[in-house]
Amino acid sequence: MSSTVWIILAGAVLTYLTRIGGYVVLSRFERINPRVEAGLNAVPAAVLTTLVAPAALSAGPAELIALVVAGLVALRGGMMSMFLTGAAVLIALRYLLG
Amino acid sequence: MAVEAIEAGGGTSQFWRGVRVAVPVMVALFPFGILYGALALENGFTVFEAVLMSLTIFAGASQMVGLELFGQNVPAWLIAFSIFAVNFRHILYSAAIAPRIRHWSPLKKTVGFFFLSDPQIAEAEIKAERGEDVTFAWYMGMGLGIYVSWVLESALGALFGQMLPSTHALGLDFLLAIYFLGLLMSFRKRSLWLPVVIASAIGSILAYKFVGSPWHVSLGAMAGILLAVLMPPATEGSQKP
């Protein structure tokens, strides 16, 4: 096998370890400290923010307006309506703004 | 908390409900799958190697970073370590999802963790917040839906990526950001949501500037999580459905 295949497989093993690692560490404890629980509760919002913030920072007007509109729709509608609205606004503005 | 009785229908309907949740993810991932496959061949991968990477790693951002490094003369261990660094955030996910899947058998957990991705943890948390059981069938419906489409898109990109049209006009390159924002908004009723978002945003932007990608994800997230840990325990209620 080529060295590329070996590197891919090493990357795969390391990635699986990250996917199971937090569980393995946490399952060693009988009870979860309330502060740890508060931290774990914050995980989705914290990580999702880091995936959006740099993209928003480097975005142009079309992307920013699409994000704002999608965010407003998310206050009322479901995931699908906010996603489709955001995509439609983005495509329209990119077409209009060039 | 999770109530077994709420599990609507049998395993099959749970599985398809999971697949349905995966649909926006499949759409948003499409351009990235194609782009990944095309870039892989540009960086000297064979079609087999490009598909093998999607099959075994199944984490788009880390695969892109890995490709970048293959193109340069970087030692093998550093490529593997960079993939690990981009995927480090999954450690947080597997800790956070632990209470939701406590009732799964060890074998189901071993299989399930392979499919733990950004949308997967977010949708599982949303489901749990509604008071529904995070069933293995639902989880695998979503996970396999994303997995199969990611592998197919990678293969398509590797085979036909050279004919890539401008995806910019279709807005394809920005769809994931919109999707992640939607997920982020769905957690807004959790305690400390806004402070966590602000801390993570500031942390990730600073880390992005001074440390660099991909560390801004783990470092930025740690800023928000630390804030939640250090704040005095909030009054219950906001996180209970």
# chains A, B, ... in the order shown; residues from 1 in each chain; ligands from 1
$ residues_around --residues "Leu84 of chain A" --least-positions-apart "5" --cutoff "10 Å" --atoms "only C-alpha atoms" --output "list in words"
Ala70, Met79, Val89 and Leu90 of chain A; Pro24, Leu175, Ile178 and Tyr179 of chain B
$ interface_residues --of "chain B" --to "chain A" --cutoff "6 Å" --atoms "only C-alpha atoms" --output "ChimeraX atom specification"
/B:53,56-57,80,83-84,88,90-92,94-96,98,113,170-171,177,184,197,200-201,204-205,217,220-221,224-225,228-229
$ closest_residue --among "B:Arg89, B:Leu183, B:Leu78, B:Asp133" --to "Arg102 of chain B" --atoms "only C-alpha atoms"
B:Asp133
$ closest_residue --among "B:Pro99, B:Leu230, B:Val111, B:Ser54" --to "Pro195 of chain B" --atoms "only C-alpha atoms"
B:Leu230
$ residues_around --residues "His103 of chain B" --least-positions-apart "5" --cutoff "10 Å" --atoms "only C-alpha atoms" --output "list of chain:residue names"
B:Glu4, B:Ala98, B:Lys108, B:Lys109, B:Asp133, B:Val134, B:Thr135, B:Phe136
$ write_last_selection --atoms "N, CA and C atoms" --output "mmCIF file, in the first residue's frame"
data_model
loop_
_atom_site.group_PDB
_atom_site.id
_atom_site.type_symbol
_atom_site.label_atom_id
_atom_site.label_comp_id
_atom_site.auth_asym_id
_atom_site.auth_seq_id
_atom_site.Cartn_x
_atom_site.Cartn_y
_atom_site.Cartn_z
ATOM 1 N N GLU B 4 -38.778 6.585 27.237
ATOM 2 C CA GLU B 4 -38.828 5.561 26.183
ATOM 3 C C GLU B 4 -40.171 5.595 25.454
ATOM 4 N N ALA B 98 -22.910 11.824 25.868
ATOM 5 C CA ALA B 98 -22.893 10.640 26.740
ATOM 6 C C ALA B 98 -24.211 10.416 27.492
ATOM 7 N N LYS B 108 -23.520 -0.689 20.035
ATOM 8 C CA LYS B 108 -24.174 0.441 19.379
ATOM 9 C C LYS B 108 -23.385 1.730 19.608
ATOM 10 N N LYS B 109 -22.858 1.896 20.826
ATOM 11 C CA LYS B 109 -22.050 3.088 21.099
ATOM 12 C C LYS B 109 -20.799 3.087 20.230
ATOM 13 N N ASP B 133 -36.481 10.499 23.127
ATOM 14 C CA ASP B 133 -35.382 9.580 23.291
ATOM 15 C C ASP B 133 -34.474 9.657 22.058
ATOM 16 N N VAL B 134 -33.155 9.748 22.256
ATOM 17 C CA VAL B 134 -32.236 9.680 21.121
ATOM 18 C C VAL B 134 -32.022 8.199 20.819
ATOM 19 N N THR B 135 -32.865 7.669 19.916
ATOM 20 C CA THR B 135 -32.790 6.230 19.627
ATOM 21 C C THR B 135 -31.643 5.944 18.665
ATOM 22 N N PHE B 136 -31.158 4.700 18.718
ATOM 23 C CA PHE B 136 -30.075 4.288 17.833
ATOM 24 C C PHE B 136 -30.544 4.319 16.377
#
$ atom_distance --atom1 "atom CA of Leu55 of chain B" --atom2 "atom CA of Gln14 of chain B"
24.3 Å
$ residues_around --residues "Gly66 of chain B" --least-positions-apart "4" --cutoff "7 Å" --atoms "only C-alpha atoms" --output "PyMOL selection string"
chain B and resi 62+70+79+82-83
$ write_last_selection --atoms "C-alpha atoms" --output "tab-separated table (two decimals), in the first residue's frame"
chain	number	residue	atom	x	y	z
B	62	SER	CA	-10.00	17.82	8.43
B	70	PHE	CA	-0.18	16.33	1.08
B	79	ILE	CA	-0.38	15.45	8.43
B	82	SER	CA	-3.21	18.15	11.76
B	83	ILE	CA	-6.21	15.93	11.00
$ residues_around --residues "Ala137 of chain B" --least-positions-apart "4" --cutoff "8 Å" --atoms "only C-alpha atoms" --output "MDAnalysis selection string"
chainID B and resid 11:12 14:15 18 141
$ atom_distance --atom1 "atom CA of Pro61 of chain A" --atom2 "atom CA of Phe174 of chain B"
12.6 Å
$ residues_around --residues "Glu153 of chain B" --least-positions-apart "5" --cutoff "10 Å" --atoms "only C-alpha atoms" --output "PyMOL selection string"
chain B and resi 26+29-37+51+54+147-148+158-159
$ write_last_selection --atoms "all heavy atoms" --output "short mmCIF file (atom, residue, chain, number, x, y, z; two decimals), in the first residue's frame"
data_model
loop_
_atom_site.label_atom_id
_atom_site.label_comp_id
_atom_site.auth_asym_id
_atom_site.auth_seq_id
_atom_site.Cartn_x
_atom_site.Cartn_y
_atom_site.Cartn_z
N MET B 26 -27.24 17.15 3.74
CA MET B 26 -26.77 16.60 2.46
C MET B 26 -26.68 17.70 1.42
O MET B 26 -25.72 17.77 0.65
CB MET B 26 -27.73 15.52 1.96
CG MET B 26 -27.85 14.31 2.86
SD MET B 26 -29.05 13.17 2.11
CE MET B 26 -29.33 12.02 3.43
N LEU B 29 -23.80 20.06 2.23
CA LEU B 29 -22.48 19.44 2.07
C LEU B 29 -22.10 19.23 0.62
O LEU B 29 -20.93 19.06 0.31
CB LEU B 29 -22.46 18.07 2.77
CG LEU B 29 -22.13 18.06 4.26
CD1 LEU B 29 -22.12 16.63 4.77
CD2 LEU B 29 -20.78 18.71 4.53
N PHE B 30 -23.10 19.24 -0.27
CA PHE B 30 -22.86 18.88 -1.66
C PHE B 30 -21.64 19.59 -2.28
O PHE B 30 -20.73 18.93 -2.78
CB PHE B 30 -24.12 19.13 -2.49
CG PHE B 30 -24.00 18.66 -3.90
CD1 PHE B 30 -24.14 17.31 -4.21
CD2 PHE B 30 -23.71 19.54 -4.92
CE1 PHE B 30 -24.01 16.86 -5.50
CE2 PHE B 30 -23.58 19.10 -6.23
CZ PHE B 30 -23.73 17.75 -6.51
N PRO B 31 -21.60 20.95 -2.23
CA PRO B 31 -20.45 21.61 -2.86
C PRO B 31 -19.12 21.24 -2.21
O PRO B 31 -18.10 21.15 -2.89
CB PRO B 31 -20.75 23.10 -2.66
CG PRO B 31 -21.74 23.16 -1.57
CD PRO B 31 -22.56 21.91 -1.64
N PHE B 32 -19.16 20.98 -0.90
CA PHE B 32 -17.90 20.66 -0.22
C PHE B 32 -17.41 19.26 -0.58
O PHE B 32 -16.22 19.03 -0.73
CB PHE B 32 -18.07 20.80 1.29
CG PHE B 32 -18.37 22.22 1.70
CD1 PHE B 32 -19.66 22.65 1.83
CD2 PHE B 32 -17.34 23.12 1.88
CE1 PHE B 32 -19.95 23.96 2.17
CE2 PHE B 32 -17.61 24.44 2.21
CZ PHE B 32 -18.92 24.86 2.36
N GLY B 33 -18.37 18.35 -0.76
CA GLY B 33 -18.00 16.99 -1.19
C GLY B 33 -17.37 17.01 -2.57
O GLY B 33 -16.33 16.39 -2.81
N ILE B 34 -18.01 17.75 -3.48
CA ILE B 34 -17.50 17.86 -4.85
C ILE B 34 -16.12 18.52 -4.84
O ILE B 34 -15.16 18.05 -5.45
CB ILE B 34 -18.46 18.69 -5.72
CG1 ILE B 34 -19.85 18.05 -5.75
CG2 ILE B 34 -17.90 18.90 -7.11
CD1 ILE B 34 -19.94 16.80 -6.57
N LEU B 35 -16.04 19.63 -4.08
CA LEU B 35 -14.78 20.37 -4.00
C LEU B 35 -13.67 19.49 -3.42
O LEU B 35 -12.54 19.46 -3.92
CB LEU B 35 -14.97 21.61 -3.12
CG LEU B 35 -13.79 22.56 -3.01
CD1 LEU B 35 -13.52 23.21 -4.35
CD2 LEU B 35 -14.05 23.63 -1.95
N TYR B 36 -14.01 18.75 -2.36
CA TYR B 36 -13.02 17.87 -1.75
C TYR B 36 -12.49 16.86 -2.76
O TYR B 36 -11.28 16.68 -2.90
CB TYR B 36 -13.63 17.13 -0.53
CG TYR B 36 -12.85 15.90 -0.19
CD1 TYR B 36 -11.63 15.98 0.48
CD2 TYR B 36 -13.29 14.64 -0.61
CE1 TYR B 36 -10.88 14.87 0.73
CE2 TYR B 36 -12.54 13.51 -0.36
CZ TYR B 36 -11.34 13.63 0.31
OH TYR B 36 -10.59 12.51 0.54
N GLY B 37 -13.41 16.20 -3.48
CA GLY B 37 -12.99 15.19 -4.45
C GLY B 37 -12.10 15.77 -5.53
O GLY B 37 -11.08 15.18 -5.92
N VAL B 51 -11.67 8.55 -2.11
CA VAL B 51 -12.89 7.95 -1.56
C VAL B 51 -12.58 7.26 -0.23
O VAL B 51 -13.36 7.33 0.72
CB VAL B 51 -13.52 6.97 -2.57
CG1 VAL B 51 -14.72 6.26 -1.96
CG2 VAL B 51 -13.95 7.72 -3.84
N SER B 54 -12.73 9.69 2.64
CA SER B 54 -14.09 10.01 3.06
C SER B 54 -14.74 8.84 3.80
O SER B 54 -15.47 9.02 4.76
CB SER B 54 -14.94 10.40 1.86
OG SER B 54 -14.58 11.68 1.39
N TYR B 147 -23.39 10.18 5.85
CA TYR B 147 -22.20 9.42 5.46
C TYR B 147 -22.25 9.01 4.00
O TYR B 147 -21.31 9.25 3.24
CB TYR B 147 -22.10 8.19 6.37
CG TYR B 147 -20.89 7.32 6.13
CD1 TYR B 147 -19.61 7.75 6.47
CD2 TYR B 147 -21.03 6.04 5.58
CE1 TYR B 147 -18.51 6.95 6.26
CE2 TYR B 147 -19.93 5.23 5.37
CZ TYR B 147 -18.67 5.68 5.71
OH TYR B 147 -17.58 4.89 5.51
N VAL B 148 -23.37 8.39 3.59
CA VAL B 148 -23.48 7.89 2.22
C VAL B 148 -23.39 9.05 1.24
O VAL B 148 -22.68 8.97 0.22
CB VAL B 148 -24.81 7.11 2.04
CG1 VAL B 148 -25.07 6.83 0.56
CG2 VAL B 148 -24.76 5.81 2.83
N ALA B 158 -14.20 13.58 -7.33
CA ALA B 158 -12.94 13.01 -7.81
C ALA B 158 -13.05 12.64 -9.28
O ALA B 158 -12.09 12.80 -10.05
CB ALA B 158 -12.57 11.78 -6.97
N LEU B 159 -14.22 12.13 -9.68
CA LEU B 159 -14.38 11.67 -11.07
C LEU B 159 -14.64 12.83 -12.03
O LEU B 159 -14.11 12.85 -13.14
CB LEU B 159 -15.54 10.67 -11.15
CG LEU B 159 -15.28 9.32 -10.48
CD1 LEU B 159 -16.56 8.50 -10.41
CD2 LEU B 159 -14.20 8.54 -11.23
#
$ decode --residues "segment 66-92 of chain A" --atoms "N, CA, C and O atoms" --output "PDB file, in the first residue's frame"
ATOM      1  N   ALA A  66     -27.861  37.647   4.178  1.00  0.00           N
ATOM      2  CA  ALA A  66     -28.453  36.298   4.169  1.00  0.00           C
ATOM      3  C   ALA A  66     -28.413  35.695   5.576  1.00  0.00           C
ATOM      4  O   ALA A  66     -29.387  35.079   6.022  1.00  0.00           O
ATOM      5  N   LEU A  67     -27.295  35.890   6.283  1.00  0.00           N
ATOM      6  CA  LEU A  67     -27.190  35.359   7.649  1.00  0.00           C
ATOM      7  C   LEU A  67     -28.212  36.013   8.577  1.00  0.00           C
ATOM      8  O   LEU A  67     -28.869  35.326   9.365  1.00  0.00           O
ATOM      9  N   VAL A  68     -28.334  37.349   8.468  1.00  0.00           N
ATOM     10  CA  VAL A  68     -29.265  38.060   9.352  1.00  0.00           C
ATOM     11  C   VAL A  68     -30.702  37.610   9.084  1.00  0.00           C
ATOM     12  O   VAL A  68     -31.460  37.289  10.016  1.00  0.00           O
ATOM     13  N   VAL A  69     -31.093  37.561   7.782  1.00  0.00           N
ATOM     14  CA  VAL A  69     -32.456  37.133   7.441  1.00  0.00           C
ATOM     15  C   VAL A  69     -32.694  35.704   7.934  1.00  0.00           C
ATOM     16  O   VAL A  69     -33.724  35.405   8.553  1.00  0.00           O
ATOM     17  N   ALA A  70     -31.731  34.812   7.681  1.00  0.00           N
ATOM     18  CA  ALA A  70     -31.880  33.417   8.120  1.00  0.00           C
ATOM     19  C   ALA A  70     -32.016  33.350   9.639  1.00  0.00           C
ATOM     20  O   ALA A  70     -32.830  32.591  10.169  1.00  0.00           O
ATOM     21  N   GLY A  71     -31.237  34.176  10.342  1.00  0.00           N
ATOM     22  CA  GLY A  71     -31.312  34.204  11.802  1.00  0.00           C
ATOM     23  C   GLY A  71     -32.682  34.657  12.287  1.00  0.00           C
ATOM     24  O   GLY A  71     -33.225  34.103  13.242  1.00  0.00           O
ATOM     25  N   LEU A  72     -33.270  35.649  11.600  1.00  0.00           N
ATOM     26  CA  LEU A  72     -34.597  36.134  11.979  1.00  0.00           C
ATOM     27  C   LEU A  72     -35.663  35.072  11.699  1.00  0.00           C
ATOM     28  O   LEU A  72     -36.563  34.856  12.515  1.00  0.00           O
ATOM     29  N   VAL A  73     -35.547  34.409  10.538  1.00  0.00           N
ATOM     30  CA  VAL A  73     -36.519  33.352  10.219  1.00  0.00           C
ATOM     31  C   VAL A  73     -36.430  32.226  11.250  1.00  0.00           C
ATOM     32  O   VAL A  73     -37.439  31.642  11.645  1.00  0.00           O
ATOM     33  N   ALA A  74     -35.202  31.958  11.721  1.00  0.00           N
ATOM     34  CA  ALA A  74     -35.007  30.875  12.705  1.00  0.00           C
ATOM     35  C   ALA A  74     -35.758  31.163  14.001  1.00  0.00           C
ATOM     36  O   ALA A  74     -36.096  30.235  14.737  1.00  0.00           O
ATOM     37  N   LEU A  75     -36.042  32.447  14.292  1.00  0.00           N
ATOM     38  CA  LEU A  75     -36.777  32.782  15.511  1.00  0.00           C
ATOM     39  C   LEU A  75     -38.208  32.270  15.439  1.00  0.00           C
ATOM     40  O   LEU A  75     -38.829  32.006  16.460  1.00  0.00           O
ATOM     41  N   ARG A  76     -38.755  32.162  14.235  1.00  0.00           N
ATOM     42  CA  ARG A  76     -40.147  31.754  14.064  1.00  0.00           C
ATOM     43  C   ARG A  76     -40.268  30.349  13.469  1.00  0.00           C
ATOM     44  O   ARG A  76     -40.962  29.497  13.980  1.00  0.00           O
ATOM     45  N   GLY A  77     -39.626  30.138  12.337  1.00  0.00           N
ATOM     46  CA  GLY A  77     -39.832  28.909  11.569  1.00  0.00           C
ATOM     47  C   GLY A  77     -38.900  27.777  11.986  1.00  0.00           C
ATOM     48  O   GLY A  77     -38.136  27.894  12.935  1.00  0.00           O
ATOM     49  N   GLY A  78     -38.975  26.698  11.258  1.00  0.00           N
ATOM     50  CA  GLY A  78     -38.134  25.539  11.527  1.00  0.00           C
ATOM     51  C   GLY A  78     -36.823  25.626  10.775  1.00  0.00           C
ATOM     52  O   GLY A  78     -36.541  26.604  10.074  1.00  0.00           O
ATOM     53  N   MET A  79     -36.045  24.569  10.897  1.00  0.00           N
ATOM     54  CA  MET A  79     -34.720  24.492  10.292  1.00  0.00           C
ATOM     55  C   MET A  79     -34.791  24.624   8.767  1.00  0.00           C
ATOM     56  O   MET A  79     -34.020  25.351   8.153  1.00  0.00           O
ATOM     57  N   MET A  80     -35.753  23.897   8.175  1.00  0.00           N
ATOM     58  CA  MET A  80     -35.816  23.829   6.717  1.00  0.00           C
ATOM     59  C   MET A  80     -36.183  25.188   6.119  1.00  0.00           C
ATOM     60  O   MET A  80     -35.568  25.624   5.151  1.00  0.00           O
ATOM     61  N   SER A  81     -37.193  25.890   6.742  1.00  0.00           N
ATOM     62  CA  SER A  81     -37.610  27.174   6.181  1.00  0.00           C
ATOM     63  C   SER A  81     -36.505  28.205   6.329  1.00  0.00           C
ATOM     64  O   SER A  81     -36.280  29.022   5.441  1.00  0.00           O
ATOM     65  N   MET A  82     -35.779  28.160   7.459  1.00  0.00           N
ATOM     66  CA  MET A  82     -34.706  29.136   7.633  1.00  0.00           C
ATOM     67  C   MET A  82     -33.573  28.860   6.647  1.00  0.00           C
ATOM     68  O   MET A  82     -33.010  29.782   6.066  1.00  0.00           O
ATOM     69  N   PHE A  83     -33.296  27.603   6.396  1.00  0.00           N
ATOM     70  CA  PHE A  83     -32.205  27.238   5.476  1.00  0.00           C
ATOM     71  C   PHE A  83     -32.545  27.657   4.045  1.00  0.00           C
ATOM     72  O   PHE A  83     -31.723  28.267   3.349  1.00  0.00           O
ATOM     73  N   LEU A  84     -33.782  27.360   3.618  1.00  0.00           N
ATOM     74  CA  LEU A  84     -34.182  27.704   2.251  1.00  0.00           C
ATOM     75  C   LEU A  84     -34.258  29.215   2.062  1.00  0.00           C
ATOM     76  O   LEU A  84     -33.833  29.735   1.029  1.00  0.00           O
ATOM     77  N   THR A  85     -34.793  29.932   3.087  1.00  0.00           N
ATOM     78  CA  THR A  85     -34.860  31.389   2.977  1.00  0.00           C
ATOM     79  C   THR A  85     -33.454  31.982   2.873  1.00  0.00           C
ATOM     80  O   THR A  85     -33.187  32.845   2.029  1.00  0.00           O
ATOM     81  N   GLY A  86     -32.560  31.518   3.733  1.00  0.00           N
ATOM     82  CA  GLY A  86     -31.184  32.019   3.720  1.00  0.00           C
ATOM     83  C   GLY A  86     -30.532  31.791   2.369  1.00  0.00           C
ATOM     84  O   GLY A  86     -29.891  32.689   1.812  1.00  0.00           O
ATOM     85  N   ALA A  87     -30.712  30.590   1.817  1.00  0.00           N
ATOM     86  CA  ALA A  87     -30.112  30.259   0.527  1.00  0.00           C
ATOM     87  C   ALA A  87     -30.700  31.143  -0.579  1.00  0.00           C
ATOM     88  O   ALA A  87     -29.964  31.660  -1.429  1.00  0.00           O
ATOM     89  N   ALA A  88     -32.032  31.354  -0.546  1.00  0.00           N
ATOM     90  CA  ALA A  88     -32.689  32.168  -1.581  1.00  0.00           C
ATOM     91  C   ALA A  88     -32.193  33.612  -1.527  1.00  0.00           C
ATOM     92  O   ALA A  88     -31.878  34.209  -2.563  1.00  0.00           O
ATOM     93  N   VAL A  89     -32.118  34.169  -0.304  1.00  0.00           N
ATOM     94  CA  VAL A  89     -31.641  35.551  -0.155  1.00  0.00           C
ATOM     95  C   VAL A  89     -30.206  35.666  -0.665  1.00  0.00           C
ATOM     96  O   VAL A  89     -29.847  36.610  -1.377  1.00  0.00           O
ATOM     97  N   LEU A  90     -29.385  34.690  -0.332  1.00  0.00           N
ATOM     98  CA  LEU A  90     -27.973  34.712  -0.735  1.00  0.00           C
ATOM     99  C   LEU A  90     -27.835  34.696  -2.262  1.00  0.00           C
ATOM    100  O   LEU A  90     -27.103  35.500  -2.845  1.00  0.00           O
ATOM    101  N   ILE A  91     -28.572  33.792  -2.902  1.00  0.00           N
ATOM    102  CA  ILE A  91     -28.486  33.667  -4.363  1.00  0.00           C
ATOM    103  C   ILE A  91     -28.986  34.954  -5.030  1.00  0.00           C
ATOM    104  O   ILE A  91     -28.347  35.493  -5.936  1.00  0.00           O
ATOM    105  N   ALA A  92     -30.126  35.487  -4.519  1.00  0.00           N
ATOM    106  CA  ALA A  92     -30.693  36.704  -5.098  1.00  0.00           C
ATOM    107  C   ALA A  92     -29.725  37.877  -4.960  1.00  0.00           C
ATOM    108  O   ALA A  92     -29.460  38.597  -5.917  1.00  0.00           O
TER     109      ALA A  92
END
